[in-house]
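J.: Handing over coords.cif, mmCIF, C-alpha atoms.
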```
data_data
loop_
_atom_site.label_atom_id
_atom_site.label_comp_id
_atom_site.auth_asym_id
_atom_site.auth_seq_id
_atom_site.Cartn_x
_atom_site.Cartn_y
_atom_site.Cartn_z
CA MET A 313 -26.83 264.69 198.71
CA ARG A 314 -29.95 264.54 196.54
CA ASN A 315 -31.81 267.79 195.91
CA ILE A 316 -35.31 268.03 197.35
CA ASP A 317 -38.01 268.19 194.68
CA LYS A 318 -41.20 270.01 195.67
CA ILE A 319 -44.39 268.33 194.49
CA SER A 320 -48.04 269.43 194.62
CA PHE A 321 -50.48 266.58 195.21
CA PRO A 322 -53.99 267.91 196.04
CA TYR A 323 -56.78 265.52 196.97
CA ARG A 324 -60.33 265.26 195.64
CA ALA A 325 -61.94 263.92 198.85
CA GLN A 326 -60.75 265.02 202.27
CA THR A 327 -61.11 261.51 203.71
CA HIS A 328 -57.97 260.62 201.73
CA LEU A 329 -56.05 262.56 204.35
CA THR A 330 -56.42 259.67 206.79
CA LEU A 331 -53.89 257.86 204.58
CA LEU A 332 -51.91 260.80 203.22
CA HIS A 333 -51.07 262.18 206.68
CA VAL A 334 -49.60 258.79 207.57
CA VAL A 335 -47.62 258.56 204.32
CA ALA A 336 -46.16 262.02 204.90
CA GLU A 337 -45.49 261.61 208.62
CA SER A 338 -43.85 258.22 208.07
CA GLY A 339 -41.11 260.00 206.11
CA ALA A 340 -41.69 257.84 203.04
CA TRP A 341 -41.69 260.72 200.55
CA ALA A 342 -38.85 262.56 202.28
CA LYS A 343 -36.76 259.38 202.10
CA HIS A 344 -36.98 259.63 198.31
CA GLY A 345 -36.09 263.31 198.15
CA LEU A 346 -39.59 264.72 197.83
CA GLU A 347 -41.35 267.52 199.68
CA VAL A 348 -45.00 266.85 198.91
CA ASP A 349 -47.67 269.52 199.41
CA TYR A 350 -50.70 267.27 199.77
CA ASN A 351 -52.91 268.96 202.35
CA PHE A 352 -55.29 270.90 200.12
CA GLN A 353 -58.45 270.02 198.20
CA ILE A 354 -59.23 270.56 194.52
CA SER A 355 -62.49 270.41 192.59
CA MET A 356 -63.05 268.07 189.64
CA SER A 357 -63.07 270.92 187.12
CA ASP A 358 -59.98 272.56 188.62
CA ALA A 359 -58.22 269.20 188.74
CA HIS A 360 -58.38 268.74 184.98
CA ARG A 361 -57.16 272.27 184.37
CA ALA A 362 -54.39 272.25 186.98
CA VAL A 363 -52.81 268.98 185.92
CA THR A 364 -52.97 269.95 182.23
CA ASN A 365 -51.29 273.32 182.63
CA GLY A 366 -48.72 272.09 185.13
CA GLU A 367 -49.99 273.88 188.24
CA VAL A 368 -49.83 270.57 190.10
CA GLU A 369 -47.77 267.46 189.41
CA PHE A 370 -50.20 264.84 190.70
CA ILE A 371 -53.83 264.66 191.85
CA GLY A 372 -55.20 262.08 194.26
CA GLY A 373 -58.58 260.42 193.81
CA ASN A 374 -59.64 262.15 190.60
CA HIS A 375 -61.66 259.20 189.30
CA ILE A 376 -65.34 258.77 188.65
CA SER A 377 -67.13 256.69 191.26
CA THR A 378 -70.51 256.19 192.85
CA ALA A 379 -69.30 258.23 195.80
CA THR A 380 -68.43 261.27 193.67
CA ALA A 381 -70.87 263.39 195.64
CA GLU A 382 -68.54 263.18 198.61
CA GLY A 383 -66.03 265.18 196.62
CA LYS A 384 -68.52 268.05 196.61
CA GLU A 385 -68.17 268.61 200.32
CA THR A 386 -66.89 271.96 201.44
CA LYS A 387 -64.90 272.70 204.57
CA CYS A 388 -68.03 274.19 206.23
CA ASP A 389 -70.79 271.91 204.99
CA THR A 390 -70.26 268.13 205.08
CA LEU A 391 -72.78 265.72 203.58
CA TRP A 392 -74.11 264.49 206.89
CA ARG A 393 -75.06 268.07 207.75
CA TRP A 394 -77.10 268.15 204.53
CA VAL A 395 -79.05 265.20 205.96
CA GLN A 396 -79.30 266.86 209.35
CA ASN A 397 -80.63 270.07 207.77
CA GLY A 398 -83.10 268.27 205.49
CA LYS A 399 -81.31 269.22 202.29
CA VAL A 400 -81.09 265.54 201.28
CA ASP A 401 -82.71 262.39 202.62
CA ALA A 402 -79.56 260.26 202.94
CA ALA A 403 -75.89 260.25 201.99
CA PHE A 404 -72.99 257.85 201.58
CA LEU A 405 -70.36 258.51 204.25
CA ARG A 406 -66.93 257.09 204.90
CA ALA A 407 -65.14 256.92 208.22
CA PRO A 408 -64.83 259.10 210.23
CA ALA A 409 -67.72 261.23 208.91
CA HIS A 410 -70.31 258.68 210.01
CA LEU A 411 -68.95 258.77 213.57
CA PHE A 412 -69.59 262.51 213.78
CA ALA A 413 -73.00 262.04 212.13
CA ALA A 414 -73.91 259.44 214.75
CA ASP A 415 -72.80 261.76 217.53
CA ALA A 416 -75.15 264.37 216.03
CA GLY A 417 -78.04 261.92 216.38
CA LEU A 418 -78.36 260.66 212.81
CA LYS A 419 -79.14 257.02 212.05
CA ILE A 420 -76.21 255.10 210.60
CA ILE A 421 -76.77 252.05 208.36
CA ASP A 422 -73.75 249.87 207.61
CA ILE A 423 -73.41 248.57 204.04
CA GLU A 424 -70.77 246.40 202.40
CA PRO A 425 -68.00 248.41 200.67
CA LEU A 426 -68.54 248.88 196.94
CA PRO A 427 -65.75 247.78 194.58
CA MET A 428 -63.73 250.96 194.51
CA ILE A 429 -60.24 252.27 193.90
CA TRP A 430 -59.53 253.02 197.53
CA TYR A 431 -57.17 255.77 198.63
CA THR A 432 -56.09 256.67 196.01
CA THR A 433 -55.81 256.91 192.25
CA ILE A 434 -52.93 259.10 191.10
CA SER A 435 -53.43 261.32 188.06
CA SER A 436 -50.80 263.33 186.19
CA SER A 437 -50.12 264.63 182.70
CA LEU A 438 -48.31 262.67 180.03
CA PRO A 439 -45.78 265.50 179.35
CA PHE A 440 -44.81 265.64 183.04
CA ILE A 441 -44.47 261.86 183.28
CA GLU A 442 -42.33 261.70 180.12
CA GLN A 443 -40.09 264.53 181.29
CA HIS A 444 -39.71 263.44 184.92
CA PRO A 445 -39.71 259.62 185.12
CA ASP A 446 -37.39 259.73 188.13
CA ILE A 447 -39.83 261.89 190.14
CA VAL A 448 -42.72 259.61 189.16
CA GLU A 449 -40.84 256.56 190.40
CA ARG A 450 -39.79 258.21 193.66
CA PHE A 451 -43.31 259.49 194.27
CA LEU A 452 -44.79 256.01 193.77
CA LYS A 453 -42.14 254.45 195.98
CA GLY A 454 -43.08 256.93 198.69
CA MET A 455 -46.76 256.01 198.38
CA ILE A 456 -45.99 252.29 198.49
CA GLU A 457 -43.68 252.63 201.49
CA GLY A 458 -46.23 254.86 203.22
CA ILE A 459 -48.90 252.18 202.74
CA HIS A 460 -46.46 249.59 204.08
CA PHE A 461 -45.98 251.77 207.18
CA PHE A 462 -49.75 252.13 207.51
CA LYS A 463 -50.30 248.38 207.40
CA THR A 464 -47.39 247.30 209.57
CA GLN A 465 -47.26 250.13 212.15
CA PRO A 466 -50.86 250.31 213.40
CA GLU A 467 -50.28 252.15 216.67
CA SER A 468 -48.10 254.82 215.06
CA SER A 469 -50.58 255.20 212.20
CA ILE A 470 -53.53 255.50 214.59
CA GLU A 471 -51.74 258.21 216.55
CA ILE A 472 -50.94 260.15 213.36
CA ILE A 473 -54.59 259.94 212.29
CA ARG A 474 -55.72 261.09 215.74
CA GLU A 475 -53.34 264.04 215.79
CA ARG A 476 -53.45 265.18 212.17
CA TYR A 477 -56.93 264.40 210.81
CA THR A 478 -58.95 267.32 212.17
CA ASN A 479 -60.92 268.36 209.08
CA GLU A 480 -64.22 267.03 210.41
CA GLY A 481 -63.55 267.37 214.12
CA ARG A 482 -61.22 265.93 216.74
CA LEU A 483 -60.94 262.14 216.91
CA ASP A 484 -60.32 260.33 220.16
CA HIS A 485 -58.12 257.22 220.20
CA ALA A 486 -61.02 254.80 219.82
CA GLN A 487 -62.42 256.69 216.83
CA ALA A 488 -58.98 256.91 215.19
CA THR A 489 -58.61 253.16 215.75
CA TYR A 490 -61.95 252.56 214.04
CA VAL A 491 -60.85 254.67 211.05
CA TYR A 492 -57.61 252.71 210.84
CA GLN A 493 -59.30 249.31 211.07
CA ASN A 494 -61.80 250.39 208.43
CA LEU A 495 -59.15 251.50 205.95
CA ALA A 496 -56.17 249.17 206.43
CA PRO A 497 -57.74 246.11 204.72
CA LEU A 498 -58.72 248.18 201.69
CA LEU A 499 -55.25 249.45 200.83
CA GLU A 500 -53.57 247.60 197.99
CA PRO A 501 -49.82 247.23 198.75
CA LYS A 502 -48.84 247.28 195.07
CA LEU A 503 -51.34 250.01 194.07
CA TYR A 504 -53.01 247.82 191.45
CA PRO A 505 -56.74 248.50 191.04
CA THR A 506 -58.96 245.43 191.07
CA ILE A 507 -60.90 244.43 187.97
CA ALA A 508 -64.15 244.87 189.91
CA ALA A 509 -63.15 248.41 190.85
CA ILE A 510 -62.26 249.33 187.27
CA ALA A 511 -65.56 247.86 186.07
CA ASN A 512 -67.48 249.87 188.67
CA VAL A 513 -65.82 253.13 187.64
CA TYR A 514 -66.37 252.30 183.96
CA GLU A 515 -70.10 251.70 184.45
CA GLU A 516 -70.43 255.01 186.27
CA ALA A 517 -68.52 256.75 183.48
CA LYS A 518 -70.96 255.31 180.92
CA ARG A 519 -73.87 256.50 183.01
CA LEU A 520 -72.50 260.05 182.95
CA ASP A 521 -71.37 260.02 179.32
CA ALA A 522 -72.64 257.46 176.79
CA ASP A 523 -69.56 257.99 174.63
CA ALA A 524 -67.49 256.27 177.31
CA SER A 525 -68.84 252.94 176.02
CA ARG A 526 -66.70 253.42 172.91
CA VAL A 527 -63.53 253.22 174.98
CA ASN A 528 -61.95 250.05 176.35
CA PRO A 529 -61.66 250.84 180.08
CA MET A 530 -58.16 249.36 180.25
CA GLU A 531 -56.97 252.03 177.81
CA LEU A 532 -57.44 254.61 180.55
CA TRP A 533 -55.18 253.02 183.16
CA ASP A 534 -51.40 253.31 182.90
CA LEU A 535 -50.00 250.63 185.17
CA HIS A 536 -46.53 250.25 183.70
CA HIS A 537 -44.86 252.37 186.40
CA ILE A 538 -46.15 250.23 189.25
CA ARG A 539 -45.61 247.10 187.15
CA ARG A 540 -41.92 247.99 186.92
CA LEU A 541 -41.65 248.43 190.69
CA ASP A 542 -43.44 245.11 191.12
CA ASP A 543 -41.15 243.36 188.64
CA ILE A 544 -37.99 244.49 190.44
CA GLY A 545 -39.41 243.17 193.72
CA PHE A 546 -39.76 246.57 195.42
CA VAL A 547 -43.00 245.76 197.24
CA ASP A 548 -42.10 242.18 198.08
CA GLY A 549 -38.85 243.48 199.50
CA LEU A 550 -40.79 245.67 201.94
CA TYR A 551 -43.07 242.96 203.24
CA GLY A 552 -40.56 240.14 203.02
CA SER A 553 -41.87 236.75 203.99
CA GLN A 554 -44.33 238.24 206.47
CA LYS A 555 -47.97 238.22 205.52
CA SER A 556 -49.11 241.70 206.47
CA ASP A 557 -52.47 242.03 208.21
CA ALA A 558 -55.23 242.54 205.66
CA CYS A 559 -52.77 242.96 202.81
CA SER A 560 -53.75 240.85 199.87
CA ALA A 561 -56.73 240.90 197.55
CA GLN A 562 -57.03 237.14 198.16
CA ASP A 563 -57.58 237.80 201.85
CA GLN A 564 -60.36 240.25 201.07
CA LYS A 565 -62.27 237.52 199.20
CA ASP A 566 -61.93 234.91 201.94
CA PRO A 567 -65.21 234.59 203.92
CA GLU A 568 -63.43 233.66 207.14
CA TYR A 569 -61.10 236.63 206.77
CA LEU A 570 -64.07 238.94 206.20
CA ARG A 571 -65.85 237.55 209.26
CA ASP A 572 -62.71 238.14 211.31
CA GLN A 573 -62.57 241.74 210.09
CA GLN A 574 -66.22 242.25 210.99
CA ARG A 575 -65.51 240.92 214.50
CA ARG A 576 -62.58 243.30 214.84
CA TRP A 577 -64.59 246.29 213.67
CA ALA A 578 -67.45 245.35 215.98
CA ALA A 579 -65.00 245.34 218.89
CA VAL A 580 -63.72 248.77 217.90
CA VAL A 581 -67.27 250.10 217.59
CA ALA A 582 -68.03 248.78 221.05
CA THR A 583 -64.99 250.62 222.37
CA VAL A 584 -66.10 253.81 220.67
CA LYS A 585 -69.55 253.45 222.20
CA ALA A 586 -68.10 252.96 225.65
CA SER A 587 -65.52 255.73 225.30
CA GLY A 588 -65.98 258.53 227.75
CA GLU A 589 -64.02 260.86 225.46
CA SER A 590 -66.79 260.91 222.82
CA GLU A 591 -69.71 263.33 223.20
CA SER A 592 -72.10 260.50 222.43
CA GLY A 593 -71.64 256.77 222.53
CA ASP A 594 -74.27 256.16 219.78
CA CYS A 595 -71.94 255.48 216.86
CA HIS A 596 -73.82 252.67 215.15
#
```
Once more with this new file: its structure as structure tokens, please.

T.:
Amino acid sequence: MRNIDKISFPYRAQTHLTLLHVVAESGAWAKHGLEVDYNFQISMSDAHRAVTNGEVEFIGGNHISTATAEGKETKCDTLWRWVQNGKVDAAFLRAPAHLFAADAGLKIIDIEPLPMIWYTTISSSLPFIEQHPDIVERFLKGMIEGIHFFKTQPESSIEIIRERYTNEGRLDHAQATYVYQNLAPLLEPKLYPTIAAIANVYEEAKRLDADASRVNPMELWDLHHIRRLDDIGFVDGLYGSQKSDACSAQDQKDPEYLRDQQRRWAAVVATVKASGESESGDCH
């Protein structure tokens, strides 16, 4: 019997928990002999220190993006409350924060998703990766299988989100369904970041530090671990010949597919509005 390896995997933005709870509850990490402590947040400055000195093995979502401000939320003071209290004029919010903001009476404006690395980049240290390639592979397999569960087991995933994601308040079934429908199309089954997403992060990095322009952005992304899993057919073996709902990057570029997703989300929003479980039906 394989020994259980204990892994620390803090997140940078609490919204990542909508995926991570599902990955953990699906048993994907446990299947590969890992006990992953993922349910705690870490700041950007602490993230760099902790991964360097070995306090944590991996960090989720520690990449520069135009939504970095969301990582500055605290457990007691979310960004939409800053708007409510007049501290800022507006804020970018991801589901389900905007649902709670709408219930509080704030105006919600839908915008198209920016090209992002969605849920989630995985950072580690080179010494750890070189010394523990087996753990790295098992950890990535767990993430990939957890995403497969998320995409192919919608009802189970929605129930896990409803039960486990309580950081910003209790979700009813309709709200948890909205969160699921919002996230599922964005998850990349093979974990590859898109070129547009890398370019977006790179431009933001240059804005924050001009010296970043001296670096080829592709130098900063180590994809050979997921490339190996791709080459051996690990992901294709999970999905088989079935085309999973909202799986491929090609789908996400297809106008008809996008219109279909918008229709689905509109139906979910209508359900949320009509739900008697929500304190307010004004969600959008």

J.: Would you work out the distance separating atom CA of Trp533 of chain A from atom CA of Leu438 of chain A, expressed in Å to one decimal?

T.: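 One can read the atom CA of Trp533 of chain A to atom CA of Leu438 of chain A distance as 12.3 Å.
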
J.: Could you list, as a short mmCIF file (atom, residue, chain, number, x, y, z; two decimals) with C-alpha atoms, in the frame of the given file, every residue matched by the PyMOL selection byres ((chain A and resi 358-374) around 10) in this structure?

T.:
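As a result, selection10.cif now contains:
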```cif
data_model
loop_
_atom_site.label_atom_id
_atom_site.label_comp_id
_atom_site.auth_asym_id
_atom_site.auth_seq_id
_atom_site.Cartn_x
_atom_site.Cartn_y
_atom_site.Cartn_z
CA LYS A 318 -41.20 270.01 195.67
CA ILE A 319 -44.39 268.33 194.49
CA SER A 320 -48.04 269.43 194.62
CA PHE A 321 -50.48 266.58 195.21
CA PRO A 322 -53.99 267.91 196.04
CA TYR A 323 -56.78 265.52 196.97
CA ARG A 324 -60.33 265.26 195.64
CA ALA A 325 -61.94 263.92 198.85
CA GLN A 326 -60.75 265.02 202.27
CA HIS A 328 -57.97 260.62 201.73
CA LEU A 332 -51.91 260.80 203.22
CA VAL A 348 -45.00 266.85 198.91
CA ASP A 349 -47.67 269.52 199.41
CA TYR A 350 -50.70 267.27 199.77
CA GLN A 353 -58.45 270.02 198.20
CA ILE A 354 -59.23 270.56 194.52
CA SER A 355 -62.49 270.41 192.59
CA MET A 356 -63.05 268.07 189.64
CA SER A 357 -63.07 270.92 187.12
CA HIS A 375 -61.66 259.20 189.30
CA ILE A 376 -65.34 258.77 188.65
CA SER A 377 -67.13 256.69 191.26
CA THR A 380 -68.43 261.27 193.67
CA GLY A 383 -66.03 265.18 196.62
CA ILE A 429 -60.24 252.27 193.90
CA TRP A 430 -59.53 253.02 197.53
CA TYR A 431 -57.17 255.77 198.63
CA THR A 432 -56.09 256.67 196.01
CA THR A 433 -55.81 256.91 192.25
CA ILE A 434 -52.93 259.10 191.10
CA SER A 435 -53.43 261.32 188.06
CA SER A 436 -50.80 263.33 186.19
CA SER A 437 -50.12 264.63 182.70
CA LEU A 438 -48.31 262.67 180.03
CA PRO A 439 -45.78 265.50 179.35
CA PHE A 440 -44.81 265.64 183.04
CA ILE A 441 -44.47 261.86 183.28
CA ILE A 447 -39.83 261.89 190.14
CA VAL A 448 -42.72 259.61 189.16
CA PHE A 451 -43.31 259.49 194.27
#
```

J.: Could you check the closest approach to Asp317 of chain A for each of A:His444, A:Glu347, A:Gly339, A:Leu541 and tell me which residue wins, using only C-alpha atoms?

T.: A:Glu347

J.: Evaluate the PyMOL selection byres ((chain A and resi 517) around 12) here and jot the selected residues down as a list in words.

T.: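 Output of the PyMOL selection byres ((chain A and resi 517) around 12): His375, Ile376, Ser377, Thr378, Thr380, Ile510, Ala511, Asn512, Val513, Tyr514, Glu515, Glu516, Lys518, Arg519, Leu520, Asp521, Ala522, Asp523, Ala524, Ser525, Arg526, Val527, Asn528, Pro529 and Leu532 of chain A.
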
J.: So how far away is atom CA of Phe352 of chain A from atom CA of Ile423 of chain A, in Å?

T.: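 Answer for the atom CA of Ile423 of chain A to atom CA of Phe352 of chain A separation: 29.0 Å.
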
J.: Rank A:Lys399, A:His344, A:His536, A:Arg406 by their smallest atom-to-atom distance to Tyr490 of chain A, using only C-alpha atoms, and report the top residue only.

T.: A:Arg406

J.: Pick the closest to Ala336 of chain A from A:Gly481, A:Pro497, A:Gly552, A:Gly458: which is it, counting all atoms listed in the file?

T.: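 Among the listed residues, A:Gly458 lies closest to Ala336 of chain A.
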
J.: To one decimal place in Å, what is the distance between atom CA of Pro425 of chain A and atom CA of Thr390 of chain A?

T.: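 A separation of 20.3 Å between them.
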
J.: Go through the shown structure with the PyMOL selection byres ((chain A and resi 485) around 9) and write out the matching residues as an MDAnalysis selection string.

T.: chainID A and resid 470:471 474 483:484 486:490 584 589

J.: Which residue gives the smallest distance to Asp542 of chain A among A:Glu480, A:Glu449, A:Glu467, A:Asp422, with all atoms listed in the file counted?

T.: A:Glu449

J.: Could you check the closest approach to Val547 of chain A for each of A:Leu405, A:Ile456, A:Ile472, A:Met530 and tell me which residue wins, using only C-alpha atoms?

T.: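 For Val547 of chain A, the nearest of the given residues is A:Ile456.
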